[in-house]
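Trainee: Just my_file.tsv, nothing more (TSV, C-alpha atoms and all ligand atoms):
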```tsv
chain	number	residue	atom	x	y	z
A	756	MET	CA	13.57	13.42	20.32
A	757	GLY	CA	11.71	13.58	23.62
A	758	TYR	CA	8.87	11.45	22.41
A	759	THR	CA	9.07	8.39	24.60
A	760	ARG	CA	8.49	5.05	22.99
A	761	LEU	CA	5.24	3.50	23.93
A	762	GLU	CA	3.99	0.19	24.92
A	763	LEU	CA	3.65	-1.43	21.52
A	764	ALA	CA	0.80	-3.51	20.25
A	765	GLY	CA	0.35	-5.68	17.21
A	766	VAL	CA	-2.94	-6.32	15.47
A	767	LYS	CA	-4.22	-9.73	14.52
A	768	PHE	CA	-7.09	-10.68	12.25
A	769	GLN	CA	-8.12	-14.26	12.88
A	770	ASN	CA	-10.62	-15.62	10.35
A	771	ILE	CA	-12.22	-12.20	10.14
A	772	THR	CA	-15.18	-11.88	7.81
A	773	LYS	CA	-17.41	-8.88	7.23
A	774	VAL	CA	-20.62	-9.31	5.30
A	775	PHE	CA	-22.75	-6.26	4.51
A	776	GLY	CA	-26.44	-6.91	3.94
A	777	LYS	CA	-27.08	-10.41	2.68
A	778	ASP	CA	-24.17	-11.15	0.43
A	779	VAL	CA	-21.55	-8.40	0.12
A	780	ARG	CA	-18.47	-10.13	1.50
A	781	ALA	CA	-16.32	-7.04	1.98
A	782	VAL	CA	-13.66	-8.97	3.92
A	783	ASP	CA	-13.53	-12.73	3.51
A	784	ASP	CA	-11.86	-14.94	6.13
A	785	LEU	CA	-8.90	-12.64	6.66
A	786	ASN	CA	-5.91	-13.98	8.56
A	787	LEU	CA	-3.23	-11.37	9.01
A	788	THR	CA	-0.85	-10.51	11.81
A	789	VAL	CA	0.65	-7.06	12.03
A	790	ASN	CA	3.64	-7.17	14.35
A	791	ASP	CA	4.41	-4.79	17.19
A	792	GLY	CA	5.79	-1.59	15.72
A	793	GLU	CA	5.41	-2.74	12.14
A	794	PHE	CA	4.41	-0.55	9.18
A	795	MET	CA	1.93	-2.66	7.25
A	796	VAL	CA	0.30	-1.50	4.05
A	797	LEU	CA	-3.05	-2.86	2.89
A	798	VAL	CA	-3.24	-2.42	-0.85
A	799	GLY	CA	-5.68	-3.44	-3.54
A	800	PRO	CA	-8.15	-2.09	-6.07
A	801	SER	CA	-11.22	-0.04	-5.17
A	802	GLY	CA	-13.81	-2.05	-3.28
A	803	CYS	CA	-11.48	-4.87	-2.20
A	804	GLY	CA	-12.21	-4.34	1.51
A	805	LYS	CA	-9.31	-2.20	2.75
A	806	THR	CA	-11.36	0.46	4.50
A	807	THR	CA	-13.68	-2.14	5.98
A	808	ALA	CA	-10.70	-4.00	7.46
A	809	LEU	CA	-9.40	-0.77	8.98
A	810	ARG	CA	-12.79	0.24	10.35
A	811	MET	CA	-13.06	-3.10	12.11
A	812	ILE	CA	-9.78	-2.45	13.92
A	813	ALA	CA	-11.08	0.95	14.95
A	814	GLY	CA	-14.32	-0.60	16.15
A	815	LEU	CA	-16.40	1.43	13.70
A	816	GLU	CA	-17.53	-1.75	12.01
A	817	GLU	CA	-18.35	-5.02	13.71
A	818	ALA	CA	-16.90	-8.24	12.32
A	819	THR	CA	-19.51	-10.75	11.17
A	820	ASN	CA	-17.19	-13.60	12.10
A	821	GLY	CA	-13.76	-14.16	13.52
A	822	ASP	CA	-11.58	-12.71	16.25
A	823	LEU	CA	-9.73	-9.44	16.25
A	824	PHE	CA	-6.82	-8.80	18.60
A	825	ILE	CA	-4.97	-5.65	19.55
A	826	GLY	CA	-1.94	-6.72	21.52
A	827	GLU	CA	-2.99	-9.66	23.65
A	828	ASN	CA	-6.61	-8.60	23.90
A	829	ARG	CA	-9.53	-9.77	21.86
A	830	VAL	CA	-11.25	-6.51	21.07
A	831	ASN	CA	-14.37	-7.55	19.16
A	832	ASP	CA	-16.49	-6.26	22.02
A	833	VAL	CA	-14.29	-3.38	23.16
A	834	PRO	CA	-15.80	0.03	22.36
A	835	PRO	CA	-13.79	2.22	19.93
A	836	LYS	CA	-12.75	4.76	22.56
A	837	ASP	CA	-11.06	2.08	24.65
A	838	ARG	CA	-9.01	0.57	21.82
A	839	ASP	CA	-6.22	3.14	22.05
A	840	ILE	CA	-5.89	3.67	18.32
A	841	ALA	CA	-5.74	6.84	16.26
A	842	MET	CA	-6.92	7.27	12.72
A	843	VAL	CA	-6.13	9.58	9.88
A	844	PHE	CA	-8.57	9.45	7.02
A	845	GLN	CA	-8.50	10.72	3.48
A	846	ASN	CA	-11.09	13.31	4.41
A	847	TYR	CA	-9.64	14.24	7.76
A	848	ALA	CA	-11.84	16.91	9.21
A	849	LEU	CA	-10.09	19.64	11.13
A	850	TYR	CA	-12.26	21.87	13.27
A	851	PRO	CA	-12.47	25.01	11.10
A	852	HIS	CA	-13.14	27.45	13.92
A	853	MET	CA	-10.19	26.24	16.02
A	854	THR	CA	-6.54	27.15	15.68
A	855	VAL	CA	-3.96	24.55	14.73
A	856	TYR	CA	-2.95	24.43	18.39
A	857	ASP	CA	-6.46	23.69	19.55
A	858	ASN	CA	-7.02	21.16	16.82
A	859	ILE	CA	-4.01	19.19	18.05
A	860	ALA	CA	-4.82	19.69	21.73
A	861	PHE	CA	-8.51	18.89	21.42
A	862	GLY	CA	-8.35	15.12	21.70
A	863	LEU	CA	-5.80	15.33	24.51
A	864	ARG	CA	-7.97	17.67	26.51
A	865	LEU	CA	-10.93	15.41	26.09
A	866	ARG	CA	-8.96	12.48	27.34
A	867	GLU	CA	-6.64	13.99	29.91
A	868	LEU	CA	-9.08	16.33	31.55
A	869	LYS	CA	-11.94	13.93	31.47
A	870	GLY	CA	-13.15	13.52	35.00
A	871	THR	CA	-10.99	16.32	36.31
A	872	LEU	CA	-13.44	18.60	38.00
A	873	TRP	CA	-12.85	22.26	37.44
A	874	GLN	CA	-13.25	23.01	41.05
A	875	LEU	CA	-11.00	25.06	43.21
A	876	SER	CA	-9.65	21.97	44.94
A	877	HIS	CA	-8.55	20.51	41.59
A	878	MET	CA	-7.03	23.62	40.07
A	879	ALA	CA	-3.48	22.50	40.71
A	880	GLU	CA	-4.05	19.17	39.01
A	881	ALA	CA	-5.79	20.77	36.06
A	882	GLY	CA	-2.91	23.24	35.70
A	883	GLN	CA	-0.44	20.38	35.61
A	884	LYS	CA	-2.43	18.54	32.93
A	885	LYS	CA	-2.63	21.70	30.88
A	886	LYS	CA	1.14	22.02	31.00
A	887	GLU	CA	1.55	18.43	29.90
A	888	ILE	CA	-0.79	18.96	26.99
A	889	ASP	CA	1.04	22.11	25.98
A	890	GLY	CA	4.33	20.24	26.03
A	891	ARG	CA	2.90	17.50	23.86
A	892	VAL	CA	1.38	19.90	21.32
A	893	GLN	CA	4.66	21.81	21.00
A	894	GLU	CA	6.67	18.63	20.64
A	895	VAL	CA	4.43	17.19	17.93
A	896	ALA	CA	4.27	20.52	16.10
A	897	ARG	CA	8.07	20.70	16.04
A	898	MET	CA	8.29	17.15	14.81
A	899	LEU	CA	6.00	17.95	11.88
A	900	ALA	CA	7.45	21.41	11.25
A	901	ILE	CA	4.17	23.17	11.88
A	902	ASP	CA	5.24	24.91	15.08
A	903	HIS	CA	5.15	28.31	13.36
A	904	LEU	CA	1.52	27.73	12.35
A	905	LEU	CA	-0.03	26.96	15.70
A	906	GLN	CA	-2.11	30.12	15.89
A	907	ARG	CA	-3.56	29.83	12.40
A	908	ARG	CA	-6.90	28.35	11.47
A	909	PRO	CA	-7.22	25.49	8.94
A	910	LYS	CA	-8.41	27.76	6.13
A	911	GLU	CA	-5.16	29.73	6.42
A	912	LEU	CA	-3.08	26.62	5.64
A	913	SER	CA	-2.02	24.82	2.48
A	914	GLY	CA	-3.32	21.32	1.81
A	915	GLY	CA	-0.07	19.76	2.92
A	916	GLN	CA	0.03	21.77	6.13
A	917	ARG	CA	-3.54	20.73	6.92
A	918	GLN	CA	-2.55	17.16	6.35
A	919	ARG	CA	0.26	17.53	8.85
A	920	VAL	CA	-2.08	19.04	11.41
A	921	ALA	CA	-4.37	16.03	11.01
A	922	LEU	CA	-1.37	13.77	11.52
A	923	GLY	CA	-0.27	15.83	14.50
A	924	ARG	CA	-3.63	15.46	16.11
A	925	ALA	CA	-3.38	11.69	15.77
A	926	ILE	CA	0.24	11.47	16.92
A	927	ALA	CA	-0.32	13.71	19.94
A	928	ARG	CA	-2.55	11.10	21.46
A	929	LYS	CA	0.28	8.58	21.50
A	930	PRO	CA	-1.91	5.73	20.34
A	931	ARG	CA	-0.80	2.11	20.43
A	932	VAL	CA	-1.86	1.68	16.82
A	933	PHE	CA	-2.07	4.14	13.96
A	934	LEU	CA	-4.63	3.59	11.23
A	935	MET	CA	-4.33	5.59	8.03
A	936	ASP	CA	-6.78	5.38	5.17
A	937	GLU	CA	-5.38	6.95	1.99
A	938	PRO	CA	-4.17	9.95	3.99
A	939	LEU	CA	-2.18	11.42	1.10
A	940	SER	CA	-4.70	11.13	-1.68
A	941	ASN	CA	-5.76	14.75	-1.80
A	942	LEU	CA	-2.24	16.15	-1.94
A	943	ASP	CA	-0.57	17.09	-5.19
A	944	ALA	CA	2.05	14.74	-6.58
A	945	LYS	CA	5.09	16.54	-5.17
A	946	LEU	CA	3.63	16.99	-1.72
A	947	ARG	CA	2.49	13.39	-1.71
A	948	ILE	CA	6.03	12.17	-2.23
A	949	GLN	CA	7.34	14.55	0.40
A	950	THR	CA	4.72	13.56	2.97
A	951	ARG	CA	5.29	9.91	2.15
A	952	ALA	CA	8.92	10.33	3.20
A	953	GLU	CA	7.85	12.21	6.33
A	954	LEU	CA	5.55	9.39	7.35
A	955	ILE	CA	8.31	6.85	6.89
A	956	ARG	CA	10.61	8.96	9.04
A	957	LEU	CA	7.92	9.46	11.64
A	958	HIS	CA	7.33	5.76	11.88
A	959	ARG	CA	11.04	5.17	12.25
A	960	ASP	CA	11.22	7.70	15.08
A	961	LEU	CA	8.07	6.75	16.94
A	962	GLY	CA	7.89	3.05	16.17
A	963	ILE	CA	4.11	2.96	16.45
A	964	THR	CA	2.37	0.00	14.83
A	965	THR	CA	0.89	1.48	11.66
A	966	ILE	CA	-1.65	0.07	9.24
A	967	TYR	CA	-1.78	2.12	6.11
A	968	VAL	CA	-4.39	1.71	3.40
A	969	THR	CA	-3.83	2.71	-0.19
A	970	HIS	CA	-4.81	1.62	-3.69
A	971	ASP	CA	-1.51	3.01	-4.97
A	972	GLN	CA	1.01	0.24	-5.46
A	973	ILE	CA	3.94	2.66	-5.50
A	974	GLU	CA	2.93	4.01	-2.11
A	975	ALA	CA	2.64	0.43	-0.90
A	976	MET	CA	6.05	-0.58	-2.23
A	977	THR	CA	7.85	2.47	-0.87
A	978	MET	CA	6.23	2.67	2.56
A	979	GLY	CA	5.41	-0.82	3.74
A	980	GLN	CA	7.78	-2.98	5.73
A	981	ARG	CA	5.34	-5.61	4.57
A	982	ILE	CA	2.43	-5.24	2.20
A	983	ALA	CA	-0.82	-7.16	2.21
A	984	VAL	CA	-2.40	-7.33	-1.23
A	985	MET	CA	-6.17	-7.79	-1.25
A	986	ASN	CA	-8.70	-8.49	-3.97
A	987	ASN	CA	-12.44	-9.03	-3.60
A	988	GLY	CA	-12.16	-9.21	0.17
A	989	LEU	CA	-9.53	-11.94	-0.04
A	990	LEU	CA	-5.92	-11.62	1.05
A	991	GLN	CA	-3.75	-12.56	-1.93
A	992	GLN	CA	-0.27	-12.29	-0.48
A	993	CYS	CA	1.45	-10.65	2.45
A	994	ASP	CA	5.19	-10.19	2.42
A	995	GLU	CA	8.03	-7.73	2.11
A	996	PRO	CA	7.78	-5.46	-0.94
A	997	GLU	CA	10.73	-7.11	-2.71
A	998	VAL	CA	9.21	-10.54	-2.29
A	999	VAL	CA	5.79	-9.46	-3.53
A	1000	TYR	CA	7.45	-7.86	-6.54
A	1001	ASN	CA	9.91	-10.64	-7.35
A	1002	LYS	CA	7.82	-13.61	-6.33
A	1003	PRO	CA	4.16	-12.71	-6.76
A	1004	ALA	CA	1.98	-15.54	-5.47
A	1005	ASN	CA	-0.48	-15.31	-8.33
A	1006	ARG	CA	-1.40	-13.50	-11.48
A	1007	PHE	CA	-3.50	-10.91	-9.68
A	1008	VAL	CA	-0.61	-9.79	-7.46
A	1009	ALA	CA	1.79	-9.89	-10.40
A	1010	GLY	CA	-0.47	-7.61	-12.44
A	1011	PHE	CA	-1.29	-5.26	-9.59
A	1012	ILE	CA	2.21	-4.58	-8.29
A	1013	GLY	CA	4.57	-2.94	-10.77
A	1014	ALA	CA	4.12	-0.15	-13.32
A	1015	PRO	CA	3.72	-0.38	-16.23
A	1016	PRO	CA	2.04	-3.68	-15.38
A	1017	MET	CA	3.51	-7.08	-16.17
A	1018	ASN	CA	2.84	-8.53	-19.64
A	1019	PHE	CA	0.91	-11.79	-19.64
A	1020	LEU	CA	1.31	-14.01	-22.68
A	1021	GLU	CA	-1.04	-16.97	-22.85
A	1022	GLY	CA	0.38	-20.19	-24.19
A	1023	THR	CA	0.98	-23.89	-23.89
A	1024	VAL	CA	3.97	-25.62	-22.37
A	1025	LEU	CA	6.11	-27.47	-24.94
A	1026	ASN	CA	9.44	-29.07	-24.40
A	1027	GLY	CA	11.14	-26.55	-22.08
A	1028	LYS	CA	9.33	-23.66	-23.74
A	1029	VAL	CA	6.00	-21.95	-23.87
A	1030	ASP	CA	4.47	-21.32	-27.26
A	1031	VAL	CA	2.75	-17.96	-26.99
A	1032	GLY	CA	1.84	-17.81	-30.67
A	1033	ALA	CA	4.09	-15.10	-31.99
A	1034	PHE	CA	7.19	-16.79	-30.58
A	1035	LYS	CA	8.36	-19.29	-28.02
A	1036	VAL	CA	9.64	-18.33	-24.59
A	1037	ALA	CA	12.18	-20.62	-22.96
A	1038	LEU	CA	11.14	-21.55	-19.42
A	1039	PRO	CA	13.58	-20.71	-16.64
A	1040	GLN	CA	15.91	-23.57	-15.72
A	1041	GLY	CA	14.40	-25.48	-12.86
A	1042	SER	CA	10.87	-24.23	-13.46
A	1043	PRO	CA	8.44	-27.01	-12.52
A	1044	ALA	CA	6.36	-25.94	-15.54
A	1045	ARG	CA	8.99	-27.62	-17.75
A	1046	GLY	CA	7.65	-31.00	-16.75
A	1047	GLN	CA	4.04	-30.15	-17.57
A	1048	VAL	CA	3.85	-30.41	-21.33
A	1049	GLY	CA	0.45	-29.34	-22.66
A	1050	LEU	CA	-0.41	-27.21	-19.62
A	1051	LYS	CA	-2.05	-23.88	-20.38
A	1052	VAL	CA	-0.06	-21.11	-18.74
A	1053	ALA	CA	0.41	-17.36	-18.78
A	1054	VAL	CA	4.00	-16.25	-19.12
A	1055	GLY	CA	4.57	-13.09	-17.10
A	1056	ILE	CA	7.25	-10.66	-18.23
A	1057	ARG	CA	7.76	-7.32	-16.56
A	1058	PRO	CA	8.31	-4.40	-18.97
A	1059	GLU	CA	11.66	-3.71	-17.29
A	1060	ASP	CA	12.87	-7.23	-18.15
A	1061	LEU	CA	12.62	-6.56	-21.89
A	1062	TYR	CA	15.48	-4.95	-23.80
A	1063	ASP	CA	16.03	-3.36	-27.17
A	1064	THR	CA	18.66	-5.70	-28.63
A	1065	LYS	CA	20.40	-2.75	-30.33
A	1066	SER	CA	21.05	-0.70	-27.22
A	1067	ASN	CA	22.81	-1.66	-23.99
A	1068	CYS	CA	21.19	-5.08	-23.93
A	1069	PRO	CA	22.56	-6.82	-20.82
A	1070	VAL	CA	21.47	-10.31	-21.85
A	1071	PRO	CA	23.06	-12.25	-24.72
A	1072	VAL	CA	20.61	-12.29	-27.62
A	1073	THR	CA	19.66	-15.79	-28.77
A	1074	GLU	CA	16.86	-17.54	-30.64
A	1075	GLU	CA	15.55	-18.59	-27.26
A	1076	ASN	CA	14.99	-15.18	-25.74
A	1077	SER	CA	14.30	-12.69	-28.53
A	1078	PHE	CA	11.47	-11.72	-30.85
A	1079	ASP	CA	10.63	-9.16	-33.54
A	1080	ALA	CA	7.95	-6.58	-33.02
A	1081	LYS	CA	6.59	-3.39	-34.49
A	1082	VAL	CA	6.83	-0.38	-32.23
A	1083	ASP	CA	3.42	1.20	-31.97
A	1084	VAL	CA	3.84	4.03	-29.45
A	1085	LEU	CA	6.92	5.34	-27.69
A	1086	GLU	CA	6.53	7.38	-24.51
A	1087	LYS	CA	9.51	9.42	-23.37
A	1088	LEU	CA	9.48	9.62	-19.58
A	1089	GLY	CA	12.97	10.98	-19.02
A	1090	ALA	CA	14.64	8.29	-16.94
A	1091	GLU	CA	13.20	5.57	-19.15
A	1092	ASP	CA	11.00	5.11	-22.21
A	1093	THR	CA	7.85	3.05	-22.39
A	1094	VAL	CA	7.42	1.15	-25.63
A	1095	TYR	CA	4.07	-0.23	-26.71
A	1096	MET	CA	4.69	-2.82	-29.41
A	1097	VAL	CA	2.89	-5.52	-31.33
A	1098	ALA	CA	4.40	-8.91	-32.11
A	1099	GLU	CA	2.15	-10.85	-34.48
A	1100	GLY	CA	-0.99	-9.58	-32.82
A	1101	LEU	CA	0.36	-9.74	-29.25
A	1102	ASN	CA	0.47	-6.42	-27.43
A	1103	ILE	CA	3.60	-6.10	-25.32
A	1104	THR	CA	4.93	-3.24	-23.19
A	1105	ALA	CA	8.60	-2.63	-22.47
A	1106	SER	CA	10.45	-0.08	-20.34
A	1107	ILE	CA	13.74	0.66	-22.04
A	1108	ASP	CA	16.82	2.80	-21.85
A	1109	PRO	CA	16.10	6.28	-23.30
A	1110	ALA	CA	19.41	6.06	-25.17
A	1111	SER	CA	17.72	3.51	-27.40
A	1112	ARG	CA	17.17	4.62	-31.00
A	1113	ILE	CA	13.79	2.99	-31.36
A	1114	HIS	CA	11.09	4.92	-33.24
A	1115	ALA	CA	7.34	4.52	-33.38
A	1116	GLY	CA	6.21	2.76	-36.54
A	1117	GLU	CA	9.48	0.87	-37.01
A	1118	ALA	CA	10.42	-2.75	-36.49
A	1119	ALA	CA	12.74	-3.73	-33.65
A	1120	LYS	CA	14.08	-6.83	-31.97
A	1121	PHE	CA	13.60	-7.30	-28.23
A	1122	ALA	CA	15.26	-9.66	-25.79
A	1123	ILE	CA	13.75	-11.13	-22.63
A	1124	ASP	CA	15.74	-11.62	-19.45
A	1125	LEU	CA	14.71	-15.25	-19.09
A	1126	ASP	CA	15.82	-15.49	-15.47
A	1127	LYS	CA	13.09	-13.03	-14.58
A	1128	VAL	CA	10.23	-14.75	-16.38
A	1129	HIS	CA	7.17	-15.74	-14.31
A	1130	VAL	CA	4.79	-18.57	-15.12
A	1131	PHE	CA	1.17	-18.78	-13.94
A	1132	ASP	CA	-1.33	-21.58	-14.25
A	1133	SER	CA	-3.93	-20.19	-16.69
A	1134	GLU	CA	-6.81	-21.76	-14.85
A	1135	SER	CA	-6.04	-21.04	-11.18
A	1136	GLY	CA	-3.77	-18.04	-11.70
A	1137	ALA	CA	-1.30	-19.48	-9.16
A	1138	ALA	CA	2.39	-18.94	-9.76
A	1139	ILE	CA	4.26	-22.07	-10.88
A	1140	ARG	CA	7.71	-22.02	-9.38
B	1	LIG	N1	-21.83	0.19	4.76
B	1	LIG	C1	-21.78	-0.63	3.70
B	1	LIG	N2	-22.88	-1.27	3.27
B	1	LIG	C2	-22.85	-2.10	2.22
B	1	LIG	N3	-21.73	-2.39	1.51
B	1	LIG	C3	-20.61	-1.77	1.89
B	1	LIG	C4	-20.56	-0.86	2.99
B	1	LIG	N4	-19.29	-0.42	3.13
B	1	LIG	C5	-18.58	-1.01	2.14
B	1	LIG	N5	-19.36	-1.83	1.40
B	1	LIG	C6	-18.93	-2.67	0.28
B	1	LIG	O1	-17.88	-3.49	0.75
B	1	LIG	C7	-16.87	-3.63	-0.23
B	1	LIG	C8	-15.54	-3.16	0.34
B	1	LIG	O2	-15.61	-1.76	0.58
B	1	LIG	P1	-14.37	-0.94	1.16
B	1	LIG	O3	-14.85	0.43	1.43
B	1	LIG	O4	-13.79	-1.69	2.29
B	1	LIG	O5	-13.38	-0.95	-0.07
B	1	LIG	P2	-11.95	-0.26	-0.25
B	1	LIG	O6	-10.99	-1.35	-0.54
B	1	LIG	O7	-11.67	0.63	0.88
B	1	LIG	O8	-12.16	0.58	-1.60
B	1	LIG	P3	-11.63	2.07	-2.01
B	1	LIG	O9	-10.23	1.90	-2.51
B	1	LIG	O10	-12.58	2.43	-3.12
B	1	LIG	O11	-11.76	2.95	-0.82
B	1	LIG	C9	-17.35	-2.85	-1.44
B	1	LIG	O12	-17.98	-3.74	-2.32
B	1	LIG	C10	-18.34	-1.88	-0.85
B	1	LIG	O13	-19.31	-1.53	-1.79
B	2	MG	MG	-11.49	2.71	1.07
```
As a first step, turn the structure in this file into structure tokens.

Mentor:
Amino acid sequence: MGYTRLELAGVKFQNITKVFGKDVRAVDDLNLTVNDGEFMVLVGPSGCGKTTALRMIAGLEEATNGDLFIGENRVNDVPPKDRDIAMVFQNYALYPHMTVYDNIAFGLRLRELKGTLWQLSHMAEAGQKKKEIDGRVQEVARMLAIDHLLQRRPKELSGGQRQRVALGRAIARKPRVFLMDEPLSNLDAKLRIQTRAELIRLHRDLGITTIYVTHDQIEAMTMGQRIAVMNNGLLQQCDEPEVVYNKPANRFVAGFIGAPPMNFLEGTVLNGKVDVGAFKVALPQGSPARGQVGLKVAVGIRPEDLYDTKSNCPVPVTEENSFDAKVDVLEKLGAEDTVYMVAEGLNITASIDPASRIHAGEAAKFAIDLDKVHVFDSESGAAIR
């Protein structure tokens, strides 16, 4: 691909806080470094401060406190147009009266031809710039497979094609940093998955530092080289997707990442076990919680770490790791089934092999993969490991 790699730039939040009005702490003392060329996803529930964080990088929102860096430069006081970033928003607005070509070329013309006087003496230079812009538009359009659509107007495009034009417009500018705020949210499910893959490929090819905001944990897991999980303006954990999934720092992260969500069973530490009422769960060997008899904890078990003991159960079934439950609802999803069950008043969800013969309304025995059990301090929510 002819697209030359650019001078890369990371982004660094250093003790960044944004307070709206008197007391809305949208972003609270954020410390986060996005490396040169990295694809970082900011994920968290609605209102946790994702968009605000992104808008501060763009310069559309001023930080109340802290220092923001793009590359080596502190940019708190740098105007948005000089930050060399490009943004794609959920509600990207294409210019309706312009063709796809002009939509992509628009920002380039503004920038490239700025200051070039359209006088006779500058005609040669202007012609050269125009050629450069044309080359860039064609290149980006090919990359996004919209080169056959360049003469159409936005209303003559599908939602996914419009989305690609918006992306094209941002890419064409060759920014040092890409900011994307839920750019796929108004696409249908199939197109969303397809565009997700395209964005991953695009990042691989261009290597532009990208900060991608979503509330969708699956998007975060599949796209991010690292993901930063936020809640209430506070960064909860930032790490590679596998680490966030396998070693969540606290109960919030554990419950937010993973679908169906992790089961949390409240209980008290006994000798090497946690009594959760309906049954006792053996603590993983080496868990520091073993030494804290009497401590109130939440045992976290992912639905995929529970097995129907009668069907392809990969863990040996013992007193220590199994319990009886009544199956309440069974959802057939094709590749797996989701079981909603009740064990002596405890509601538990399991994802199981569809070959299982479990039926709603019947009793069944389930086994826990004890190696995968998580333990959280009930009071602080912090993982105990
Ligand atoms: N201009 C503003 N004035 C006052 N409060 C604001 C303003 N913008 C955002 N907020 C508040 O700041 C908090 C964070 O908002 P933000 O838009 O960053 O959330 P978000 O994580 O992007 O959420 P969503 O997933 O819903 O887009 C929210 O409580 C929001 O109400
Ligand atoms: Mg938002």

Trainee: Find the residue from A:Ser940, A:Ser1111, A:Thr1093, A:Asn790 that sits nearest to Thr969 of chain A; use all atoms listed in the file when measuring.

Mentor: A:Ser940

Trainee: Would you compute the distance between atom O10 of ligand LIG 1 (chain B) and atom CA of Thr772 of chain A? Give it in Å to one decimal.

Mentor: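 Computed distance, atom O10 of ligand LIG 1 (chain B) to atom CA of Thr772 of chain A, equals 18.2 Å.
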
Trainee: Enumerate residues in contact with ligand LIG 1 (chain B): an atom-to-atom distance of at most 7 Å, counting all atoms listed in the file. Format the result as a VMD selection string.

Mentor: chain A and resid 775 to 776 779 to 781 799 to 808 969 to 970 988

Trainee: Compute the distance from (13.2, -24.5, -15.3) to each atom, counting only C-alpha atoms, keep the residues with any atom at most 12 Å away, and return them as a list in words; use the coordinates of the file.

Mentor: Val1024, Asn1026, Gly1027, Lys1028, Val1029, Val1036, Ala1037, Leu1038, Pro1039, Gln1040, Gly1041, Ser1042, Pro1043, Ala1044, Arg1045, Gly1046, Gln1047, Leu1125, Asp1126, Lys1127, Val1128, His1129, Val1130, Ile1139 and Arg1140 of chain A

Trainee: Using only C-alpha atoms and all ligand atoms, can you tell me which of A:Lys777, A:Arg919, A:His1114, A:Arg810 comes closest to ligand MG 2 (chain B)?

Mentor: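 That would be A:Arg810, the residue with the smallest distance to ligand MG 2 (chain B).
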
Trainee: Write out as JSON, numbers by chain which residues come within 12 Å of Met811 of chain A when counting only C-alpha atoms, dropping same-chain ones fewer than 6 positions away.

Mentor: {"A": [766, 767, 768, 771, 772, 773, 774, 781, 782, 785, 804, 805, 817, 818, 819, 820, 821, 822, 823, 824, 825, 830, 831, 832, 833, 834, 835, 838, 840, 934]}

Trainee: Ranking A:Leu1088, A:Ile973, A:Leu849, A:Val895 by minimum distance to Arg908 of chain A and counting all atoms listed in the file, which one comes first?

Mentor: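 With all atoms listed in the file as the atom set, the closest residue is A:Leu849.
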
Trainee: Counting only C-alpha atoms, note down every residue that has an atom within 12 Å of the point (-4.8, 20.6, 21.7) (file coordinates), as a ChimeraX atom specification.

Mentor: /A:849-850,853-868,884-896,905-906,920-921,923-928

Trainee: As an exercise, work out the distance from atom CA of Arg951 of chain A to atom CA of Ala848 of chain A in Å and give it to one decimal place.

Mentor: 19.8 Å

Trainee: Between A:Met985, A:Ala1118, A:Ile963, A:Val1048, which residue has the minimum interatomic distance to ligand MG 2 (chain B), considering only C-alpha atoms and all ligand atoms?

Mentor: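 That would be A:Met985, the residue with the smallest distance to ligand MG 2 (chain B).
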
Trainee: If I take atom CA of Met976 of chain A and atom CA of Lys1002 of chain A, how far is one from the other in Å, to one decimal?

Mentor: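 The value is 13.8 Å.
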